[in-house]
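To start, the structure itself, in structure tokens.
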Amino acid sequence: MIRIQREDFDPGREADALVRGRTDIGALVTFTGLVRGEAGSAIELEHYPAMAEKELEAIEAEARKRWPLEACLVIHRHGRLLPGERIVLVVTASAHREAAFAAAEFLMDYLKTRAPFWKRETTQAGTIWVEAKSKDDDAAERWKG
Amino acid sequence: MTLLYFAWVRERIGLDEERVALPAHVRDVKGLLAWLRSRGNGYALALGKPAAIRVAVNQEHAKPDDPVRDNDEVALFPPVTGGAR
């Protein structure tokens with residue numbers, strides 16, 4: 001399941017809802033990404049709605065193909081966010097922890113290099129578009145082959 | 001063709017969306033970029049470094065040699081920077 005939204009989310013509540021009533025899940029991994037930055041700065045997250053939805057769905061489908069996931073949730077926010085605010089949530093659930101850990105890391109690596117979102121950061125020095133990092137590409141690359 | 005622009009590509013071109021009639025000689029993504037660059041200063045500034053531009057055709061990541069057709073939705077944007085750093 002994927003969601004793209006402007007509003008904040010509650011990681012604990014989302015994770016609970018995903019596994020409520022299930023007795024076949026032994027491992028639940030929750031990753032929350034936060035906005036980093038100086039006090040007083042802000043980021044504006046632009047996205048391409050139709051493609052972002054398709055890409056996140058494709059990334060989730062790929063994770064499910066690679067690991068035996070019982071449940072999976074990705075939430076990505078857009079709009080204006082302040083340092084310390086939650087920006088992305090990945091929840092994976094599986095019978096055993098290996099699949100849940102690996103799939104969560106895979107989902108984060110892939111969404112960072114494929115999902116069409118762009119950050120513009122405003123600080124006292126001005127406003128800049130955040131540049132992509134090659135280490136993100138490297139992180140996504142290691143899942144290939 | 002519907003063209004969509006995002007982030008600094010959008011800012012440099014000065015538009016977020018436009019409809020264009022694709023010239024017959026433009027058949028692939030790299031041809032489209034070359035043609036757009038010839039359309040004026042904003043386009044040349046935005047698309048001058050093809051290595052910094054990513055393209056999606058009908059909402060899927062595309063490569064320079066992928067085909068484009070007049071009824072496609074094509075988006076041009078910088079490398080993506082979502083997620084958490």
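All residue names refer to the structure tokens as shown: chains lettered A, B, ... in order, residues numbered from 1 in each chain, ligands numbered from 1 in order.
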Hey, could you make a per-residue contact list for chain B against chain A with 6 Å as the cut-off, showing the nearest pair of atoms and its distance in Å to one decimal, counting only C-alpha atoms, sorted by chain and number, as CSV?
```
residue,atom,partner,partner_atom,distance
B:Gln59,CA,A:Met51,CA,4.7
B:Pro79,CA,A:Ala132,CA,5.9
B:Val80,CA,A:Trp118,CA,5.5
B:Thr81,CA,A:Trp118,CA,4.8
B:Gly82,CA,A:Phe117,CA,4.7
B:Gly83,CA,A:Lys112,CA,5.2
B:Ala84,CA,A:Gly33,CA,4.9
```
Note to self: Applying 10 Å and only C-alpha atoms, which residues near Gly14 in chain B remain after dropping the ones on its own chain fewer than 2 positions away? List them as a ChimeraX atom specification.
What the structure shows: /B:5,8-12,16-17,42-43,46
Export of prior selection with all heavy atoms as a JSON list (two decimals), in the first residue's frame:
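What ended up in result-v5.json:
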```json
[["chain", "number", "residue", "atom", "x", "y", "z"],
["B", 5, "TYR", "N", 7.06, 20.16, -16.76],
["B", 5, "TYR", "CA", 8.38, 20.52, -16.24],
["B", 5, "TYR", "C", 8.32, 20.61, -14.72],
["B", 5, "TYR", "O", 7.34, 21.13, -14.17],
["B", 5, "TYR", "CB", 8.81, 21.87, -16.81],
["B", 5, "TYR", "CG", 8.74, 21.94, -18.32],
["B", 5, "TYR", "CD1", 7.91, 22.87, -18.94],
["B", 5, "TYR", "CD2", 9.48, 21.06, -19.10],
["B", 5, "TYR", "CE1", 7.83, 22.94, -20.33],
["B", 5, "TYR", "CE2", 9.41, 21.13, -20.50],
["B", 5, "TYR", "CZ", 8.58, 22.07, -21.11],
["B", 5, "TYR", "OH", 8.49, 22.13, -22.46],
["B", 8, "TRP", "N", 13.82, 22.86, -10.92],
["B", 8, "TRP", "CA", 14.49, 23.99, -11.59],
["B", 8, "TRP", "C", 14.32, 23.98, -13.10],
["B", 8, "TRP", "O", 14.49, 25.01, -13.75],
["B", 8, "TRP", "CB", 15.94, 24.16, -11.17],
["B", 8, "TRP", "CG", 16.86, 22.98, -11.28],
["B", 8, "TRP", "CD1", 17.31, 22.21, -10.24],
["B", 8, "TRP", "CD2", 17.48, 22.44, -12.47],
["B", 8, "TRP", "NE1", 18.15, 21.23, -10.71],
["B", 8, "TRP", "CE2", 18.28, 21.35, -12.07],
["B", 8, "TRP", "CE3", 17.43, 22.78, -13.82],
["B", 8, "TRP", "CZ2", 19.02, 20.59, -12.98],
["B", 8, "TRP", "CZ3", 18.16, 22.02, -14.73],
["B", 8, "TRP", "CH2", 18.94, 20.94, -14.30],
["B", 9, "VAL", "N", 13.94, 22.84, -13.68],
["B", 9, "VAL", "CA", 13.63, 22.83, -15.10],
["B", 9, "VAL", "C", 12.39, 23.71, -15.34],
["B", 9, "VAL", "O", 12.36, 24.54, -16.26],
["B", 9, "VAL", "CB", 13.40, 21.39, -15.60],
["B", 9, "VAL", "CG1", 12.93, 21.40, -17.05],
["B", 9, "VAL", "CG2", 14.67, 20.56, -15.45],
["B", 10, "ARG", "N", 11.40, 23.55, -14.48],
["B", 10, "ARG", "CA", 10.18, 24.36, -14.55],
["B", 10, "ARG", "C", 10.50, 25.86, -14.38],
["B", 10, "ARG", "O", 10.02, 26.70, -15.14],
["B", 10, "ARG", "CB", 9.21, 23.90, -13.46],
["B", 10, "ARG", "CG", 8.01, 24.80, -13.22],
["B", 10, "ARG", "CD", 7.07, 24.24, -12.16],
["B", 10, "ARG", "NE", 7.70, 23.98, -10.87],
["B", 10, "ARG", "CZ", 8.09, 24.93, -10.02],
["B", 10, "ARG", "NH1", 7.92, 26.20, -10.32],
["B", 10, "ARG", "NH2", 8.68, 24.62, -8.89],
["B", 11, "GLU", "N", 11.35, 26.15, -13.39],
["B", 11, "GLU", "CA", 11.67, 27.56, -13.13],
["B", 11, "GLU", "C", 12.42, 28.20, -14.30],
["B", 11, "GLU", "O", 12.16, 29.35, -14.65],
["B", 11, "GLU", "CB", 12.51, 27.68, -11.86],
["B", 11, "GLU", "CG", 11.72, 27.38, -10.60],
["B", 11, "GLU", "CD", 12.54, 27.54, -9.34],
["B", 11, "GLU", "OE1", 13.79, 27.50, -9.41],
["B", 11, "GLU", "OE2", 11.93, 27.67, -8.27],
["B", 12, "ARG", "N", 13.37, 27.46, -14.88],
["B", 12, "ARG", "CA", 14.17, 28.05, -15.96],
["B", 12, "ARG", "C", 13.37, 28.22, -17.24],
["B", 12, "ARG", "O", 13.54, 29.20, -17.97],
["B", 12, "ARG", "CB", 15.42, 27.20, -16.21],
["B", 12, "ARG", "CG", 16.39, 27.31, -15.04],
["B", 12, "ARG", "CD", 17.62, 26.43, -15.23],
["B", 12, "ARG", "NE", 18.40, 26.42, -13.98],
["B", 12, "ARG", "CZ", 19.51, 25.73, -13.82],
["B", 12, "ARG", "NH1", 19.98, 24.98, -14.80],
["B", 12, "ARG", "NH2", 20.16, 25.77, -12.67],
["B", 16, "ASP", "N", 4.98, 25.32, -16.22],
["B", 16, "ASP", "CA", 4.93, 23.98, -15.64],
["B", 16, "ASP", "C", 4.34, 22.96, -16.61],
["B", 16, "ASP", "O", 4.51, 21.77, -16.44],
["B", 16, "ASP", "CB", 4.19, 23.97, -14.29],
["B", 16, "ASP", "CG", 2.80, 24.54, -14.36],
["B", 16, "ASP", "OD1", 2.33, 24.82, -15.48],
["B", 16, "ASP", "OD2", 2.19, 24.71, -13.30],
["B", 17, "GLU", "N", 3.67, 23.46, -17.65],
["B", 17, "GLU", "CA", 3.05, 22.53, -18.60],
["B", 17, "GLU", "C", 2.80, 23.25, -19.92],
["B", 17, "GLU", "O", 2.49, 24.44, -19.91],
["B", 17, "GLU", "CB", 1.71, 22.05, -18.01],
["B", 17, "GLU", "CG", 0.95, 21.11, -18.90],
["B", 17, "GLU", "CD", -0.28, 20.51, -18.21],
["B", 17, "GLU", "OE1", -0.45, 20.69, -16.99],
["B", 17, "GLU", "OE2", -1.06, 19.86, -18.92],
["B", 42, "GLY", "N", 15.25, 30.20, -22.32],
["B", 42, "GLY", "CA", 14.86, 29.46, -21.12],
["B", 42, "GLY", "C", 15.09, 27.97, -21.31],
["B", 42, "GLY", "O", 15.58, 27.28, -20.41],
["B", 43, "TYR", "N", 14.75, 27.47, -22.51],
["B", 43, "TYR", "CA", 14.92, 26.04, -22.79],
["B", 43, "TYR", "C", 16.39, 25.68, -22.82],
["B", 43, "TYR", "O", 16.81, 24.65, -22.30],
["B", 43, "TYR", "CB", 14.26, 25.68, -24.13],
["B", 43, "TYR", "CG", 12.77, 25.84, -24.12],
["B", 43, "TYR", "CD1", 12.18, 27.04, -24.50],
["B", 43, "TYR", "CD2", 11.95, 24.80, -23.71],
["B", 43, "TYR", "CE1", 10.81, 27.20, -24.48],
["B", 43, "TYR", "CE2", 10.58, 24.94, -23.68],
["B", 43, "TYR", "CZ", 10.02, 26.15, -24.07],
["B", 43, "TYR", "OH", 8.66, 26.29, -24.04],
["B", 46, "ALA", "N", 17.66, 25.64, -19.30],
["B", 46, "ALA", "CA", 17.14, 24.51, -18.52],
["B", 46, "ALA", "C", 17.73, 23.18, -18.98],
["B", 46, "ALA", "O", 17.99, 22.29, -18.16],
["B", 46, "ALA", "CB", 15.62, 24.47, -18.61]]
```
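For the atom pair formed by CA of Thr122 in chain A and CA of Glu85 in chain A, the distance is 15.1 Å, given to one decimal.
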Notebook entry, point to check: A:Trp143, A:Ala125, A:Ala63, A:Ala39: which is nearest Leu107 in chain A, counting only C-alpha atoms?
Noted result: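 For Leu107 in chain A, the nearest of the candidates is A:Ala63.
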Next item on the list: Pull the strand (DSSP E) assignments for chain B out of DSSP run on the backbone, and list those residues as JSON, numbers by chain.
Entry: {"B": [2, 3, 4, 5, 17, 18, 19, 54, 55, 56, 57, 60, 61, 62, 73, 74, 75, 76, 77]}
Item checked: Surrounding residues of range 51-53 of chain B excluding itself and chain neighbours under 3 positions, 8 Å, only C-alpha atoms, as an MDAnalysis selection string -> chainID B and resid 47 76:79
Next item on the list: May I have the residues within 12 Å of Ala44 in chain B as an MDAnalysis selection string, using only C-alpha atoms and disregarding those fewer than 2 positions away in the same chain?
Entry: chainID B and resid 9 12:13 33:42 46:50
Would you save the residues from that selection as a tab-separated table (two decimals), in the first residue's frame, using all heavy atoms?
```tsv
chain	number	residue	atom	x	y	z
B	9	VAL	N	13.94	22.84	-13.68
B	9	VAL	CA	13.63	22.83	-15.10
B	9	VAL	C	12.39	23.71	-15.34
B	9	VAL	O	12.36	24.54	-16.26
B	9	VAL	CB	13.40	21.39	-15.60
B	9	VAL	CG1	12.93	21.40	-17.05
B	9	VAL	CG2	14.67	20.56	-15.45
B	12	ARG	N	13.37	27.46	-14.88
B	12	ARG	CA	14.17	28.05	-15.96
B	12	ARG	C	13.37	28.22	-17.24
B	12	ARG	O	13.54	29.20	-17.97
B	12	ARG	CB	15.42	27.20	-16.21
B	12	ARG	CG	16.39	27.31	-15.04
B	12	ARG	CD	17.62	26.43	-15.23
B	12	ARG	NE	18.40	26.42	-13.98
B	12	ARG	CZ	19.51	25.73	-13.82
B	12	ARG	NH1	19.98	24.98	-14.80
B	12	ARG	NH2	20.16	25.77	-12.67
B	13	ILE	N	12.48	27.28	-17.51
B	13	ILE	CA	11.65	27.40	-18.72
B	13	ILE	C	10.53	28.41	-18.49
B	13	ILE	O	10.10	29.09	-19.42
B	13	ILE	CB	11.12	26.01	-19.15
B	13	ILE	CG1	12.30	25.16	-19.66
B	13	ILE	CG2	10.04	26.13	-20.22
B	13	ILE	CD1	11.96	23.73	-19.99
B	33	LEU	N	14.91	16.49	-26.64
B	33	LEU	CA	15.71	17.45	-25.86
B	33	LEU	C	16.42	18.44	-26.79
B	33	LEU	O	16.45	19.64	-26.53
B	33	LEU	CB	16.74	16.72	-24.98
B	33	LEU	CG	16.17	16.04	-23.73
B	33	LEU	CD1	17.25	15.21	-23.04
B	33	LEU	CD2	15.61	17.06	-22.76
B	34	ALA	N	16.97	17.93	-27.88
B	34	ALA	CA	17.69	18.79	-28.83
B	34	ALA	C	16.73	19.82	-29.45
B	34	ALA	O	17.05	21.00	-29.56
B	34	ALA	CB	18.35	17.94	-29.92
B	35	TRP	N	15.55	19.36	-29.81
B	35	TRP	CA	14.56	20.27	-30.42
B	35	TRP	C	14.11	21.33	-29.40
B	35	TRP	O	14.05	22.52	-29.72
B	35	TRP	CB	13.36	19.47	-30.94
B	35	TRP	CG	12.25	20.33	-31.41
B	35	TRP	CD1	12.29	21.19	-32.48
B	35	TRP	CD2	10.95	20.47	-30.83
B	35	TRP	NE1	11.08	21.85	-32.60
B	35	TRP	CE2	10.25	21.42	-31.60
B	35	TRP	CE3	10.31	19.87	-29.74
B	35	TRP	CZ2	8.94	21.79	-31.31
B	35	TRP	CZ3	9.00	20.24	-29.46
B	35	TRP	CH2	8.32	21.19	-30.23
B	36	LEU	N	13.85	20.89	-28.17
B	36	LEU	CA	13.40	21.85	-27.15
B	36	LEU	C	14.48	22.91	-26.88
B	36	LEU	O	14.17	24.09	-26.70
B	36	LEU	CB	13.04	21.13	-25.85
B	36	LEU	CG	11.72	20.35	-25.86
B	36	LEU	CD1	11.58	19.51	-24.59
B	36	LEU	CD2	10.53	21.30	-26.00
B	37	ARG	N	15.74	22.47	-26.86
B	37	ARG	CA	16.84	23.43	-26.60
B	37	ARG	C	16.88	24.54	-27.64
B	37	ARG	O	17.31	25.65	-27.35
B	37	ARG	CB	18.19	22.69	-26.60
B	37	ARG	CG	18.56	22.10	-25.25
B	37	ARG	CD	20.05	21.79	-25.17
B	37	ARG	NE	20.49	20.85	-26.19
B	37	ARG	CZ	20.38	19.52	-26.06
B	37	ARG	NH1	19.87	18.99	-24.95
B	37	ARG	NH2	20.79	18.72	-27.02
B	38	SER	N	16.38	24.23	-28.83
B	38	SER	CA	16.43	25.23	-29.91
B	38	SER	C	15.27	26.22	-29.83
B	38	SER	O	15.16	27.13	-30.64
B	38	SER	CB	16.40	24.52	-31.26
B	38	SER	OG	15.09	24.00	-31.50
B	39	ARG	N	14.39	26.05	-28.83
B	39	ARG	CA	13.17	26.87	-28.80
B	39	ARG	C	13.33	28.20	-28.08
B	39	ARG	O	12.40	28.99	-28.03
B	39	ARG	CB	12.01	26.09	-28.18
B	39	ARG	CG	11.62	24.89	-29.02
B	39	ARG	CD	10.47	24.15	-28.40
B	39	ARG	NE	9.19	24.81	-28.60
B	39	ARG	CZ	8.22	24.87	-27.70
B	39	ARG	NH1	8.40	24.34	-26.51
B	39	ARG	NH2	7.09	25.48	-27.96
B	40	GLY	N	14.49	28.45	-27.47
B	40	GLY	CA	14.65	29.75	-26.82
B	40	GLY	C	15.57	29.67	-25.62
B	40	GLY	O	16.01	28.60	-25.22
B	41	ASN	N	15.85	30.86	-25.07
B	41	ASN	CA	16.84	30.97	-23.99
B	41	ASN	C	16.51	30.13	-22.76
B	41	ASN	O	17.37	29.48	-22.20
B	41	ASN	CB	16.96	32.43	-23.56
B	41	ASN	CG	17.68	33.25	-24.62
B	41	ASN	OD1	18.35	32.68	-25.47
B	41	ASN	ND2	17.52	34.55	-24.55
B	42	GLY	N	15.25	30.20	-22.32
B	42	GLY	CA	14.86	29.46	-21.12
B	42	GLY	C	15.09	27.97	-21.31
B	42	GLY	O	15.58	27.28	-20.41
B	46	ALA	N	17.66	25.64	-19.30
B	46	ALA	CA	17.14	24.51	-18.52
B	46	ALA	C	17.73	23.18	-18.98
B	46	ALA	O	17.99	22.29	-18.16
B	46	ALA	CB	15.62	24.47	-18.61
B	47	LEU	N	17.92	23.04	-20.28
B	47	LEU	CA	18.23	21.72	-20.84
B	47	LEU	C	19.64	21.65	-21.42
B	47	LEU	O	19.99	20.70	-22.12
B	47	LEU	CB	17.20	21.37	-21.92
B	47	LEU	CG	15.74	21.51	-21.48
B	47	LEU	CD1	14.80	21.29	-22.66
B	47	LEU	CD2	15.40	20.56	-20.34
B	48	GLY	N	20.46	22.65	-21.12
B	48	GLY	CA	21.81	22.74	-21.70
B	48	GLY	C	22.71	21.58	-21.34
B	48	GLY	O	23.60	21.22	-22.10
B	49	LYS	N	22.49	21.01	-20.16
B	49	LYS	CA	23.32	19.86	-19.76
B	49	LYS	C	22.44	18.61	-19.71
B	49	LYS	O	21.84	18.32	-18.68
B	49	LYS	CB	23.93	20.11	-18.38
B	49	LYS	CG	25.02	21.16	-18.38
B	49	LYS	CD	25.63	21.28	-17.00
B	49	LYS	CE	26.61	22.45	-16.95
B	49	LYS	NZ	26.73	23.01	-15.61
B	50	PRO	N	22.36	17.89	-20.81
B	50	PRO	CA	21.46	16.72	-20.87
B	50	PRO	C	21.71	15.71	-19.76
B	50	PRO	O	20.78	15.04	-19.31
B	50	PRO	CB	21.75	16.12	-22.24
B	50	PRO	CG	22.36	17.22	-23.04
B	50	PRO	CD	23.09	18.09	-22.07
```
Check: Mind checking DSSP for chain A and telling me the helix (DSSP H, G or I) residues as a ChimeraX atom specification?
Finding: /A:11-19,49-66,97-114,134-141
Note to self: Neighbouring residues of Val57 in chain B were defined as those with any atom within 7 Å, considering only C-alpha atoms; residues of the same chain fewer than 6 positions away were excluded. Please report them as a list in words.
What the structure shows: Asp72, Glu73, Val74 and Ala75 of chain B
Using all heavy atoms, can you write the selected residues to a file as a PDB file, in the first residue's frame?
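And here is the file that came out, again20.pdb:
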```
ATOM      1  N   ASP B  72       2.050  11.442 -26.489  1.00  0.00           N
ATOM      2  CA  ASP B  72       2.653  11.106 -25.190  1.00  0.00           C
ATOM      3  C   ASP B  72       2.584  12.272 -24.204  1.00  0.00           C
ATOM      4  O   ASP B  72       2.526  13.432 -24.609  1.00  0.00           O
ATOM      5  CB  ASP B  72       4.133  10.745 -25.368  1.00  0.00           C
ATOM      6  CG  ASP B  72       4.327   9.381 -26.026  1.00  0.00           C
ATOM      7  OD1 ASP B  72       3.394   8.552 -25.958  1.00  0.00           O
ATOM      8  OD2 ASP B  72       5.401   9.167 -26.608  1.00  0.00           O
ATOM      9  N   GLU B  73       2.643  11.914 -22.925  1.00  0.00           N
ATOM     10  CA  GLU B  73       2.886  12.904 -21.865  1.00  0.00           C
ATOM     11  C   GLU B  73       4.355  12.740 -21.472  1.00  0.00           C
ATOM     12  O   GLU B  73       4.760  11.678 -21.007  1.00  0.00           O
ATOM     13  CB  GLU B  73       1.986  12.629 -20.652  1.00  0.00           C
ATOM     14  CG  GLU B  73       2.294  13.546 -19.457  1.00  0.00           C
ATOM     15  CD  GLU B  73       1.393  13.259 -18.258  1.00  0.00           C
ATOM     16  OE1 GLU B  73       0.161  13.450 -18.394  1.00  0.00           O
ATOM     17  OE2 GLU B  73       1.909  12.836 -17.209  1.00  0.00           O
ATOM     18  N   VAL B  74       5.127  13.788 -21.699  1.00  0.00           N
ATOM     19  CA  VAL B  74       6.568  13.714 -21.420  1.00  0.00           C
ATOM     20  C   VAL B  74       6.930  14.721 -20.344  1.00  0.00           C
ATOM     21  O   VAL B  74       6.579  15.892 -20.441  1.00  0.00           O
ATOM     22  CB  VAL B  74       7.399  13.968 -22.695  1.00  0.00           C
ATOM     23  CG1 VAL B  74       8.889  13.941 -22.379  1.00  0.00           C
ATOM     24  CG2 VAL B  74       7.068  12.926 -23.764  1.00  0.00           C
ATOM     25  N   ALA B  75       7.600  14.245 -19.303  1.00  0.00           N
ATOM     26  CA  ALA B  75       8.014  15.123 -18.204  1.00  0.00           C
ATOM     27  C   ALA B  75       9.528  15.251 -18.185  1.00  0.00           C
ATOM     28  O   ALA B  75      10.240  14.267 -18.416  1.00  0.00           O
ATOM     29  CB  ALA B  75       7.522  14.565 -16.872  1.00  0.00           C
TER      30      ALA B  75
END
```
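The space separating CA of Glu14 in chain A from CA of Val74 in chain A comes to 10.0 Å.
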Note to self: So the first atom is CA of Asn58 in chain B and the second is CA of Ile2 in chain A; what is the distance between them in Å, to one decimal place?
What the structure shows: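 According to the coordinates, CA of Asn58 in chain B and CA of Ile2 in chain A are separated by 20.0 Å.
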